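J.: Structure supplied as my_file20.csv; contents: CSV, C-alpha atoms.
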```csv
chain,number,residue,atom,x,y,z
A,1,MET,CA,17.9,9.4,9.1
A,2,PRO,CA,18.2,13.2,8.5
A,3,LEU,CA,20.4,12.4,5.5
A,4,LEU,CA,17.7,10.1,4.0
A,5,LEU,CA,15.0,12.6,4.7
A,6,SER,CA,16.8,15.3,2.9
A,7,TYR,CA,17.4,12.8,0.1
A,8,SER,CA,13.7,12.2,-0.2
A,9,LEU,CA,12.9,15.9,-0.2
A,10,ARG,CA,15.5,16.6,-2.9
A,11,ASN,CA,14.1,13.8,-5.1
A,12,LEU,CA,10.6,15.3,-4.9
A,13,GLN,CA,11.9,18.4,-6.6
A,14,GLU,CA,13.5,16.5,-9.5
A,15,ARG,CA,10.5,14.8,-11.0
A,16,LYS,CA,8.2,17.8,-10.7
A,17,LEU,CA,5.6,17.1,-13.3
A,18,THR,CA,5.1,13.4,-12.3
A,19,ASN,CA,5.0,14.3,-8.6
A,20,PHE,CA,2.7,17.2,-9.2
A,21,LEU,CA,0.2,14.9,-11.1
A,22,THR,CA,0.4,12.2,-8.4
A,23,ALA,CA,-0.1,14.8,-5.5
A,24,THR,CA,-3.0,16.3,-7.5
A,25,GLY,CA,-4.7,12.9,-7.9
A,26,MET,CA,-4.3,12.3,-4.1
A,27,ALA,CA,-5.6,15.8,-3.4
A,28,LEU,CA,-8.8,15.2,-5.4
A,29,VAL,CA,-9.5,11.9,-3.7
A,30,VAL,CA,-8.9,13.4,-0.2
A,31,PHE,CA,-11.1,16.4,-1.2
A,32,VAL,CA,-14.0,14.1,-2.1
A,33,TYR,CA,-13.5,12.2,1.1
A,34,ALA,CA,-13.4,15.3,3.3
A,35,ALA,CA,-16.3,16.9,1.4
A,36,VAL,CA,-18.5,13.9,2.1
A,37,LEU,CA,-17.6,14.0,5.8
A,38,MET,CA,-18.3,17.7,5.9
A,39,LEU,CA,-21.6,17.2,4.3
A,40,ASP,CA,-22.6,14.6,6.8
A,41,SER,CA,-21.2,16.7,9.7
A,42,GLY,CA,-23.3,19.7,8.5
A,43,LEU,CA,-26.4,17.6,8.3
A,44,LYS,CA,-26.0,16.2,11.8
A,45,GLN,CA,-25.0,19.6,13.2
A,46,THR,CA,-28.1,21.2,11.8
A,47,LEU,CA,-30.5,18.6,13.0
A,48,VAL,CA,-28.9,18.0,16.4
A,49,ALA,CA,-28.8,21.8,16.9
A,50,THR,CA,-32.6,21.7,16.5
A,51,GLY,CA,-32.9,20.1,19.9
A,52,GLU,CA,-32.3,21.4,23.4
A,53,ASP,CA,-31.0,19.2,26.2
A,54,THR,CA,-33.5,20.7,28.6
A,55,ASN,CA,-36.4,20.2,26.2
A,56,ILE,CA,-38.5,17.0,25.9
A,57,ILE,CA,-40.5,16.3,22.8
A,58,ILE,CA,-43.6,14.0,23.1
A,59,VAL,CA,-45.0,12.2,20.2
A,60,ARG,CA,-47.4,9.3,19.6
A,61,ARG,CA,-45.9,6.0,20.4
A,62,SER,CA,-44.3,4.3,17.3
A,63,ALA,CA,-44.5,7.5,15.3
A,64,GLU,CA,-41.2,8.0,13.6
A,65,VAL,CA,-41.8,11.7,12.6
A,66,GLU,CA,-44.0,14.4,13.9
A,67,ILE,CA,-46.2,14.4,10.8
A,68,GLN,CA,-47.3,10.8,11.6
A,69,SER,CA,-48.0,11.6,15.2
A,70,LEU,CA,-51.4,12.4,16.7
A,71,ILE,CA,-52.0,13.6,20.3
A,72,ASP,CA,-55.5,14.6,21.3
A,73,ARG,CA,-56.4,17.5,23.6
A,74,ARG,CA,-57.2,15.3,26.6
A,75,GLN,CA,-53.7,13.8,26.5
A,76,ALA,CA,-52.2,17.3,26.0
A,77,ARG,CA,-53.9,18.5,29.2
A,78,ILE,CA,-52.5,15.5,31.2
A,79,ILE,CA,-49.0,16.3,29.9
A,80,GLU,CA,-49.3,20.0,30.7
A,81,SER,CA,-50.0,19.2,34.3
A,82,GLN,CA,-46.7,17.4,35.0
A,83,PRO,CA,-44.7,18.9,37.9
A,84,GLU,CA,-41.3,18.6,36.1
A,85,ILE,CA,-42.2,21.3,33.6
A,86,MET,CA,-40.7,24.7,34.1
A,87,ILE,CA,-43.0,27.6,35.0
A,88,GLY,CA,-42.5,30.7,32.9
A,89,ALA,CA,-42.4,34.4,34.0
A,90,GLU,CA,-46.2,34.7,33.5
A,91,GLY,CA,-46.9,31.7,35.8
A,92,ALA,CA,-47.8,29.3,32.9
A,93,PRO,CA,-45.9,26.1,32.2
A,94,LEU,CA,-43.4,26.3,29.3
A,95,ILE,CA,-45.0,24.0,26.9
A,96,SER,CA,-45.7,24.3,23.2
A,97,LYS,CA,-48.4,22.2,21.7
A,98,GLU,CA,-47.6,21.9,18.0
A,99,VAL,CA,-48.9,20.8,14.7
A,100,ALA,CA,-46.6,20.0,11.8
A,101,VAL,CA,-47.9,19.8,8.2
A,102,LEU,CA,-46.4,19.9,4.7
A,103,ILE,CA,-47.2,22.4,2.0
A,104,SER,CA,-45.8,22.6,-1.6
A,105,GLN,CA,-44.2,25.9,-2.6
A,106,GLN,CA,-42.4,26.9,-5.8
A,107,ARG,CA,-38.7,27.7,-5.8
A,108,ARG,CA,-37.9,31.2,-7.0
A,109,LYS,CA,-35.3,30.3,-9.6
A,110,SER,CA,-36.2,26.8,-10.9
A,111,ARG,CA,-40.0,27.2,-10.4
A,112,GLN,CA,-40.0,23.6,-9.2
A,113,ALA,CA,-42.3,22.7,-6.3
A,114,SER,CA,-40.7,21.6,-3.0
A,115,ASN,CA,-42.2,20.6,0.4
A,116,LEU,CA,-42.0,23.0,3.3
A,117,VAL,CA,-42.9,22.3,6.9
A,118,ILE,CA,-45.6,24.6,8.4
A,119,ARG,CA,-45.3,24.4,12.2
A,120,GLY,CA,-48.1,25.6,14.4
A,121,VAL,CA,-46.7,26.5,17.8
A,122,GLY,CA,-48.1,27.7,21.1
A,123,PRO,CA,-47.7,31.0,22.8
A,124,ALA,CA,-44.7,29.8,24.8
A,125,ALA,CA,-42.8,28.5,21.7
A,126,LEU,CA,-40.0,31.2,21.9
A,127,ALA,CA,-39.6,30.7,25.6
A,128,VAL,CA,-39.4,26.9,25.2
A,129,ARG,CA,-36.7,27.4,22.4
A,130,PRO,CA,-34.5,30.3,23.5
A,131,GLN,CA,-32.2,29.7,20.5
A,132,VAL,CA,-35.0,31.0,18.2
A,133,ARG,CA,-35.2,34.8,17.9
A,134,ILE,CA,-37.0,37.2,15.7
A,135,ALA,CA,-34.3,38.7,13.3
A,136,GLU,CA,-36.5,40.9,11.2
A,137,GLY,CA,-40.1,42.1,11.5
A,138,ARG,CA,-42.1,40.8,14.5
A,139,VAL,CA,-43.6,37.6,15.8
A,140,PHE,CA,-47.1,36.6,14.7
A,141,ARG,CA,-50.1,37.5,16.8
A,142,GLN,CA,-51.9,34.6,18.5
A,143,GLY,CA,-55.3,33.9,16.9
A,144,SER,CA,-54.4,35.5,13.6
A,145,ASN,CA,-53.5,34.4,10.1
A,146,GLU,CA,-49.9,35.8,10.5
A,147,ILE,CA,-46.8,33.6,10.0
A,148,VAL,CA,-43.1,34.0,10.3
A,149,ILE,CA,-40.4,32.4,8.1
A,150,GLY,CA,-37.1,30.7,8.9
A,151,ARG,CA,-33.9,32.4,7.9
A,152,ALA,CA,-33.0,29.7,5.4
A,153,LEU,CA,-36.2,30.2,3.4
A,154,ALA,CA,-35.8,33.9,2.7
A,155,GLY,CA,-35.3,34.6,-1.0
A,156,ARG,CA,-35.3,30.9,-2.1
A,157,PHE,CA,-39.1,30.4,-2.6
A,158,GLN,CA,-41.7,32.3,-4.5
A,159,ASP,CA,-43.5,34.9,-2.3
A,160,VAL,CA,-41.7,33.7,0.9
A,161,GLU,CA,-40.6,37.1,2.2
A,162,ILE,CA,-41.7,39.6,4.7
A,163,GLY,CA,-44.8,41.5,3.5
A,164,SER,CA,-45.9,38.8,1.1
A,165,SER,CA,-48.8,36.4,1.5
A,166,LEU,CA,-48.9,32.6,1.1
A,167,ARG,CA,-52.1,30.8,0.2
A,168,PHE,CA,-52.6,27.3,1.7
A,169,ALA,CA,-55.3,25.5,3.6
A,170,GLN,CA,-58.0,27.7,1.8
A,171,ARG,CA,-56.6,30.9,3.5
A,172,GLU,CA,-54.2,33.7,2.9
A,173,TRP,CA,-51.4,33.9,5.4
A,174,ARG,CA,-49.4,37.1,5.8
A,175,ILE,CA,-45.7,36.9,6.5
A,176,VAL,CA,-44.8,39.4,9.3
A,177,GLY,CA,-41.3,38.4,10.4
A,178,ARG,CA,-38.2,36.3,9.9
A,179,PHE,CA,-36.7,34.3,12.7
A,180,ASP,CA,-33.1,33.0,13.2
A,181,ALA,CA,-32.9,29.5,14.8
A,182,GLY,CA,-29.1,29.4,15.1
A,183,GLY,CA,-28.6,27.2,12.0
A,184,SER,CA,-30.9,24.5,13.2
A,185,GLY,CA,-33.6,22.7,11.2
A,186,PHE,CA,-36.2,25.2,12.3
A,187,ASP,CA,-34.5,27.7,9.9
A,188,SER,CA,-36.2,25.7,7.1
A,189,GLU,CA,-39.7,26.0,8.6
A,190,ILE,CA,-42.6,28.4,8.6
A,191,TRP,CA,-44.3,29.1,12.0
A,192,GLY,CA,-47.8,30.2,12.9
A,193,ASP,CA,-50.5,29.9,15.5
A,194,SER,CA,-51.2,26.3,16.2
A,195,GLU,CA,-55.0,26.8,16.8
A,196,GLN,CA,-55.4,28.7,13.6
A,197,LEU,CA,-53.5,26.2,11.5
A,198,MET,CA,-55.4,23.3,13.1
A,199,GLN,CA,-58.7,24.9,12.1
A,200,SER,CA,-57.5,25.6,8.6
A,201,PHE,CA,-56.2,22.1,8.0
A,202,ARG,CA,-59.3,20.6,9.7
A,203,ARG,CA,-57.3,18.8,12.4
A,204,ASP,CA,-58.2,18.3,16.0
A,205,PHE,CA,-55.0,16.6,17.0
A,206,PHE,CA,-51.5,18.0,17.9
A,207,SER,CA,-48.5,16.5,16.1
A,208,SER,CA,-46.2,16.9,19.1
A,209,ILE,CA,-45.8,18.6,22.4
A,210,THR,CA,-42.5,20.2,23.5
A,211,VAL,CA,-41.9,21.0,27.1
A,212,ARG,CA,-39.0,22.7,28.9
A,213,LEU,CA,-37.8,21.0,32.1
A,214,ALA,CA,-37.2,22.9,35.3
A,215,ASP,CA,-34.3,20.5,35.9
A,216,ARG,CA,-32.9,18.4,33.1
A,217,SER,CA,-32.4,15.5,35.6
A,218,GLY,CA,-36.1,15.2,35.9
A,219,PHE,CA,-36.4,13.6,32.4
A,220,GLU,CA,-36.3,10.0,33.5
A,221,ALA,CA,-39.0,10.4,36.1
A,222,LEU,CA,-41.3,12.3,33.7
A,223,LYS,CA,-40.7,9.8,30.9
A,224,ALA,CA,-41.5,6.9,33.2
A,225,ARG,CA,-44.7,8.4,34.5
A,226,LEU,CA,-46.0,9.5,31.1
A,227,GLU,CA,-45.3,6.3,29.3
A,228,ALA,CA,-46.8,4.2,32.2
A,229,ASP,CA,-50.0,6.2,32.2
A,230,PRO,CA,-52.7,4.0,30.6
A,231,ARG,CA,-54.6,7.1,29.4
A,232,LEU,CA,-51.6,8.1,27.2
A,233,THR,CA,-50.3,6.5,24.1
A,234,ILE,CA,-47.2,8.6,23.8
A,235,GLU,CA,-43.4,8.4,23.8
A,236,ALA,CA,-41.1,11.0,25.4
A,237,LYS,CA,-37.6,11.7,24.2
A,238,ARG,CA,-35.0,14.4,24.8
A,239,GLU,CA,-35.4,16.9,21.9
A,240,ARG,CA,-31.8,16.6,20.8
A,241,ILE,CA,-32.0,12.8,20.6
A,242,PHE,CA,-35.3,12.9,18.7
A,243,TYR,CA,-33.8,15.2,16.0
A,244,GLU,CA,-30.5,13.3,15.9
A,245,GLU,CA,-32.5,10.1,15.1
A,246,GLN,CA,-34.1,12.1,12.2
A,247,SER,CA,-30.7,12.4,10.6
A,248,ARG,CA,-29.7,8.8,10.6
A,249,LEU,CA,-31.3,7.6,7.4
A,250,LEU,CA,-30.0,10.5,5.2
A,251,SER,CA,-26.7,10.5,7.1
A,252,GLY,CA,-26.2,6.7,6.5
A,253,PHE,CA,-26.8,7.2,2.8
A,254,ILE,CA,-24.4,10.1,2.5
A,255,GLN,CA,-21.7,8.1,4.3
A,256,MET,CA,-22.2,5.0,2.2
A,257,LEU,CA,-22.1,6.9,-1.0
A,258,GLY,CA,-19.1,8.9,0.1
A,259,LEU,CA,-17.1,5.9,1.2
A,260,THR,CA,-17.9,4.1,-2.0
A,261,LEU,CA,-16.8,7.0,-4.2
A,262,SER,CA,-13.7,7.6,-2.1
A,263,GLY,CA,-12.8,3.9,-2.2
A,264,MET,CA,-13.1,3.8,-6.0
A,265,PHE,CA,-11.1,7.0,-6.5
A,266,SER,CA,-8.5,6.1,-3.9
A,267,LEU,CA,-7.8,2.9,-5.9
A,268,GLY,CA,-6.8,5.0,-8.9
A,269,ALA,CA,-4.8,7.3,-6.7
A,270,VAL,CA,-2.9,4.4,-5.2
A,271,ILE,CA,-2.1,3.0,-8.6
A,272,GLY,CA,-0.9,6.4,-9.8
A,273,ALA,CA,1.3,6.7,-6.7
A,274,THR,CA,2.7,3.2,-7.2
A,275,ILE,CA,3.6,3.9,-10.9
A,276,THR,CA,5.2,7.2,-9.9
A,277,MET,CA,7.3,5.5,-7.2
A,278,TYR,CA,8.3,2.6,-9.4
A,279,ALA,CA,9.5,5.1,-12.0
A,280,ALA,CA,11.4,6.9,-9.2
A,281,VAL,CA,13.1,3.7,-8.2
A,282,ALA,CA,14.0,2.8,-11.8
A,283,SER,CA,15.5,6.2,-12.5
A,284,ARG,CA,17.6,6.1,-9.3
A,285,MET,CA,19.1,2.6,-9.4
A,286,MET,CA,22.6,3.8,-9.4
A,287,GLU,CA,21.9,6.1,-6.4
A,288,VAL,CA,20.4,3.2,-4.5
A,289,GLY,CA,23.5,1.1,-5.3
A,290,VAL,CA,25.8,3.8,-4.1
A,291,LEU,CA,23.8,4.2,-0.8
A,292,ARG,CA,24.0,0.4,-0.3
A,293,ALA,CA,27.7,0.5,-1.0
A,294,LEU,CA,28.2,3.3,1.5
A,295,GLY,CA,26.7,1.0,4.2
A,296,PHE,CA,23.0,2.1,4.4
A,297,ARG,CA,20.8,-0.7,5.5
A,298,ARG,CA,18.0,-2.1,3.4
A,299,SER,CA,15.5,-0.8,6.1
A,300,ARG,CA,16.9,2.7,5.6
A,301,ILE,CA,16.4,2.5,1.9
A,302,LEU,CA,12.8,1.2,2.4
A,303,ILE,CA,12.0,4.1,4.8
A,304,ALA,CA,13.5,6.7,2.4
A,305,PHE,CA,11.2,5.7,-0.4
A,306,LEU,CA,8.2,5.3,1.9
A,307,VAL,CA,8.8,8.8,3.3
A,308,GLU,CA,8.9,10.1,-0.3
A,309,ALA,CA,5.5,8.6,-1.0
A,310,LEU,CA,4.1,9.8,2.3
A,311,LEU,CA,5.3,13.3,1.5
A,312,LEU,CA,3.4,13.3,-1.8
A,313,ALA,CA,0.3,12.2,0.2
A,314,LEU,CA,0.9,14.9,2.7
A,315,ILE,CA,1.1,17.6,0.0
A,316,GLY,CA,-2.1,16.2,-1.5
A,317,TRP,CA,-3.8,16.3,1.9
A,318,ALA,CA,-2.8,19.9,2.5
A,319,VAL,CA,-4.1,21.1,-0.8
A,320,ALA,CA,-7.3,19.1,-0.4
A,321,ILE,CA,-8.0,20.6,3.1
A,322,LEU,CA,-7.3,24.1,1.8
A,323,PHE,CA,-10.0,23.7,-0.9
A,324,ALA,CA,-12.3,21.8,1.5
A,325,SER,CA,-12.2,24.8,3.9
A,326,LEU,CA,-13.7,27.0,1.2
A,327,MET,CA,-16.7,24.7,1.0
A,328,THR,CA,-17.8,25.9,4.5
A,329,GLN,CA,-19.2,29.0,2.8
A,330,VAL,CA,-21.5,26.9,0.6
A,331,LYS,CA,-25.1,26.4,1.6
A,332,ILE,CA,-27.0,23.5,0.1
A,333,THR,CA,-30.5,22.2,0.3
A,334,THR,CA,-31.7,18.6,0.2
A,335,LEU,CA,-34.7,16.5,0.9
A,336,ASN,CA,-35.0,15.3,4.5
A,337,TRP,CA,-35.9,11.7,3.9
A,338,THR,CA,-37.6,11.4,7.3
A,339,SER,CA,-39.9,14.4,7.1
A,340,LEU,CA,-40.0,14.6,3.3
A,341,SER,CA,-39.4,18.4,3.5
A,342,GLU,CA,-36.6,20.6,2.3
A,343,LEU,CA,-33.7,21.1,4.7
A,344,ALA,CA,-30.9,23.7,4.3
A,345,PHE,CA,-27.5,23.3,5.8
A,346,ARG,CA,-23.8,24.1,5.3
A,347,PHE,CA,-20.6,22.0,4.9
A,348,VAL,CA,-18.9,21.9,8.3
A,349,LEU,CA,-15.2,21.2,8.7
A,350,THR,CA,-14.2,19.9,12.1
A,351,PRO,CA,-10.8,18.9,13.6
A,352,GLY,CA,-11.9,15.3,13.5
A,353,ILE,CA,-12.5,15.5,9.7
A,354,VAL,CA,-9.1,17.1,9.2
A,355,LEU,CA,-7.5,14.2,11.2
A,356,ARG,CA,-9.4,11.5,9.4
A,357,SER,CA,-8.5,13.0,6.0
A,358,LEU,CA,-4.8,13.0,7.0
A,359,VAL,CA,-4.9,9.4,8.0
A,360,PHE,CA,-6.8,8.5,4.8
A,361,ALA,CA,-4.1,10.4,2.7
A,362,LEU,CA,-1.2,8.7,4.5
A,363,ILE,CA,-2.8,5.3,4.0
A,364,MET,CA,-3.0,6.0,0.3
A,365,GLY,CA,0.6,7.1,0.3
A,366,PHE,CA,1.8,4.1,2.2
A,367,LEU,CA,0.0,1.7,-0.1
A,368,GLY,CA,1.2,3.4,-3.2
A,369,GLY,CA,4.8,3.5,-2.0
A,370,PHE,CA,5.3,0.3,-0.2
A,371,LEU,CA,5.9,-2.1,-3.1
A,372,PRO,CA,8.3,0.2,-4.9
A,373,ALA,CA,10.1,0.9,-1.6
A,374,VAL,CA,10.4,-2.9,-1.1
A,375,ARG,CA,11.9,-3.3,-4.6
A,376,ALA,CA,14.4,-0.6,-3.9
A,377,ALA,CA,15.4,-2.0,-0.5
A,378,ARG,CA,15.8,-5.6,-1.9
A,379,MET,CA,18.0,-4.4,-4.8
A,380,LYS,CA,21.5,-5.9,-4.7
A,381,ILE,CA,24.5,-3.5,-4.9
A,382,VAL,CA,26.0,-5.2,-8.0
A,383,ASP,CA,22.7,-5.4,-9.9
A,384,ALA,CA,21.9,-1.7,-9.1
A,385,LEU,CA,25.3,-0.5,-10.4
A,386,ARG,CA,25.2,-2.8,-13.4
A,387,VAL,CA,21.7,-1.6,-14.5
A,388,ALA,CA,22.8,2.0,-14.0
```
As structure tokens, please, write out the structure in this file.

T.:
Amino acid sequence: MPLLLSYSLRNLQERKLTNFLTATGMALVVFVYAAVLMLDSGLKQTLVATGEDTNIIIVRRSAEVEIQSLIDRRQARIIESQPEIMIGAEGAPLISKEVAVLISQQRRKSRQASNLVIRGVGPAALAVRPQVRIAEGRVFRQGSNEIVIGRALAGRFQDVEIGSSLRFAQREWRIVGRFDAGGSGFDSEIWGDSEQLMQSFRRDFFSSITVRLADRSGFEALKARLEADPRLTIEAKRERIFYEEQSRLLSGFIQMLGLTLSGMFSLGAVIGATITMYAAVASRMMEVGVLRALGFRRSRILIAFLVEALLLALIGWAVAILFASLMTQVKITTLNWTSLSELAFRFVLTPGIVLRSLVFALIMGFLGGFLPAVRAARMKIVDALRVA
């Protein structure tokens, strides 16, 4: 076996141009496959990171997104009085009654309009979500027309920077700070005082209520009590689960598109590998005949040519992962199909993606090298030497 392995390695160095083109084709296909998985992983990581395991988000029953949800003040007071909610340092329950609305804002470079989420939050919003911190400037004052912007929005939209003002809902809103939400979906939002925003948008209903549990194990009891209360028409979910569900529609589309493209491109790569390996077999008929005459079994010949094809795939995979790792520095924005607002996130390369890409590359190499390897293994000694 070591002899056949060294034989395969030596032959890879002989047909350099052909092998280079084949490995490059495989690398391109694996790169596309890995990039799609990284895109999906980045989207999920951003939205899942938006939620906390100890936080519960409460929306109107059957509402798929916060913007569709309506919770009146009477229901909010009932929710606020639940014993499972953590009590903050000031003796008040850690609860944020929030309103979410969309506004249209021009991009700085393209001047095209895009939707942004304006989130009105309660006084305890930062205590409820400890992953959110003020990175620059200061937090807005309650009862004022001040707002703070997410890290992902800075510099990308017209007038969305500290010290500037935005006009929406018939009022001027002054930006006094920028917050960092740890790469979560909140980084693509603008926050302000919920009561002021509700007045400006002429709303008397909250979109959602987020509470922090004193003990995460109290979720089931709280959920059962709230959803069984005839005075309430709400649904309670763990915050992480809620935002994970928000990613499913866009994530499903990305995966379907990526798998379709990868499947189409991989067909071309497999055909290219097959042609390369057939050419390798044709050029080495005498060598195959000599190996058979020396007593090497057909199975050994088969394995030798398969190893050669798999090595080409392995080279393509290594190059693809190298370039895919550079994509982690790229930040992209897309439309969140669920909330219809803009969402910024990065490509994320995980060990699982590296492994799946390796398996994908080896499958292509196996499919491309199997038939030529079978032909080489089935070749008769006399025929091989005669053709040579």

J.: So, with only C-alpha atoms as the atoms that count, which of A:Ser69, A:Ser144, A:Ser188, A:Gln82 lies closest to A:Phe345?

T.: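 Among the listed residues, the smallest separation from A:Phe345 belongs to A:Ser188.
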
J.: With distances taken over all atoms listed in the file, which residue among A:Val160, A:Ala324, A:Ala228, A:Val148 lies nearest A:Asp193?

T.: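 Among the listed residues, the smallest separation from A:Asp193 belongs to A:Val148.
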
J.: Can you work out the spacing between atom CA of A:Ala100 and atom CA of A:Gly120 in Å, to one decimal?

T.: 6.4 Å

J.: With distances taken over all atoms listed in the file, which of A:Val29, A:Leu70, A:Leu306, A:Leu362 is nearest to A:Met264?

T.: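 The answer is A:Val29, which sits nearest to A:Met264.
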
J.: A:Val101, A:Leu302, A:Ala23, A:Leu43: which is nearest A:Ala273, counting all atoms listed in the file?

T.: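 Distance minimum relative to A:Ala273 lands on A:Ala23.
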
J.: Give me, please, the distance in Å between atom CA of A:Ala127 and atom CA of A:Arg248, quoted to one decimal.

T.: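 Between atom CA of A:Ala127 and atom CA of A:Arg248 the gap works out to 28.3 Å.
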
J.: Report, in Å with one decimal, the straight-line distance from atom CA of A:Ile103 to atom CA of A:Ser251.

T.: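 Going from atom CA of A:Ile103 over to atom CA of A:Ser251, I get 24.2 Å.
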
J.: Please write as a VMD selection string the list of polymer residues whose atoms come within 12 Å of (-9.3, 11.2, -3.8), counting all atoms listed in the file and keeping to the coordinates of the file.

T.: chain A and resid 22 to 36 258 to 273 313 316 to 317 319 to 321 357 to 358 360 to 365

J.: Write out as a list in words each polymer residue whose atoms come within 12 Å of A:Thr276, counting all atoms listed in the file; drop sequence neighbours fewer than 6 positions from it.

T.: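 Selected residues are Leu12, Arg15, Lys16, Leu17, Thr18, Asn19, Phe20, Leu21, Thr22, Ala23, Gly25, Ala269, Val270, Ala282, Ser283, Phe305, Glu308, Ala309, Leu312, Gly365, Gly368, Gly369, Phe370, Leu371, Pro372 and Ala373 of chain A.
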
J.: I'd like to know which of A:Ser81, A:Gln45, A:Thr54, A:Gln142 is closest to A:Asp215, using only C-alpha atoms.

T.: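 Comparing A:Ser81, A:Gln45, A:Thr54, A:Gln142 against A:Asp215, the winner is A:Thr54.
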
J.: Please check which residues have atoms at most 9 Å from (-42.8, 12.1, 30.2) in the file's coordinates, counting all atoms listed in the file, and write them as a ChimeraX atom specification.

T.: /A:56-58,79,82,84,219-227,234-237
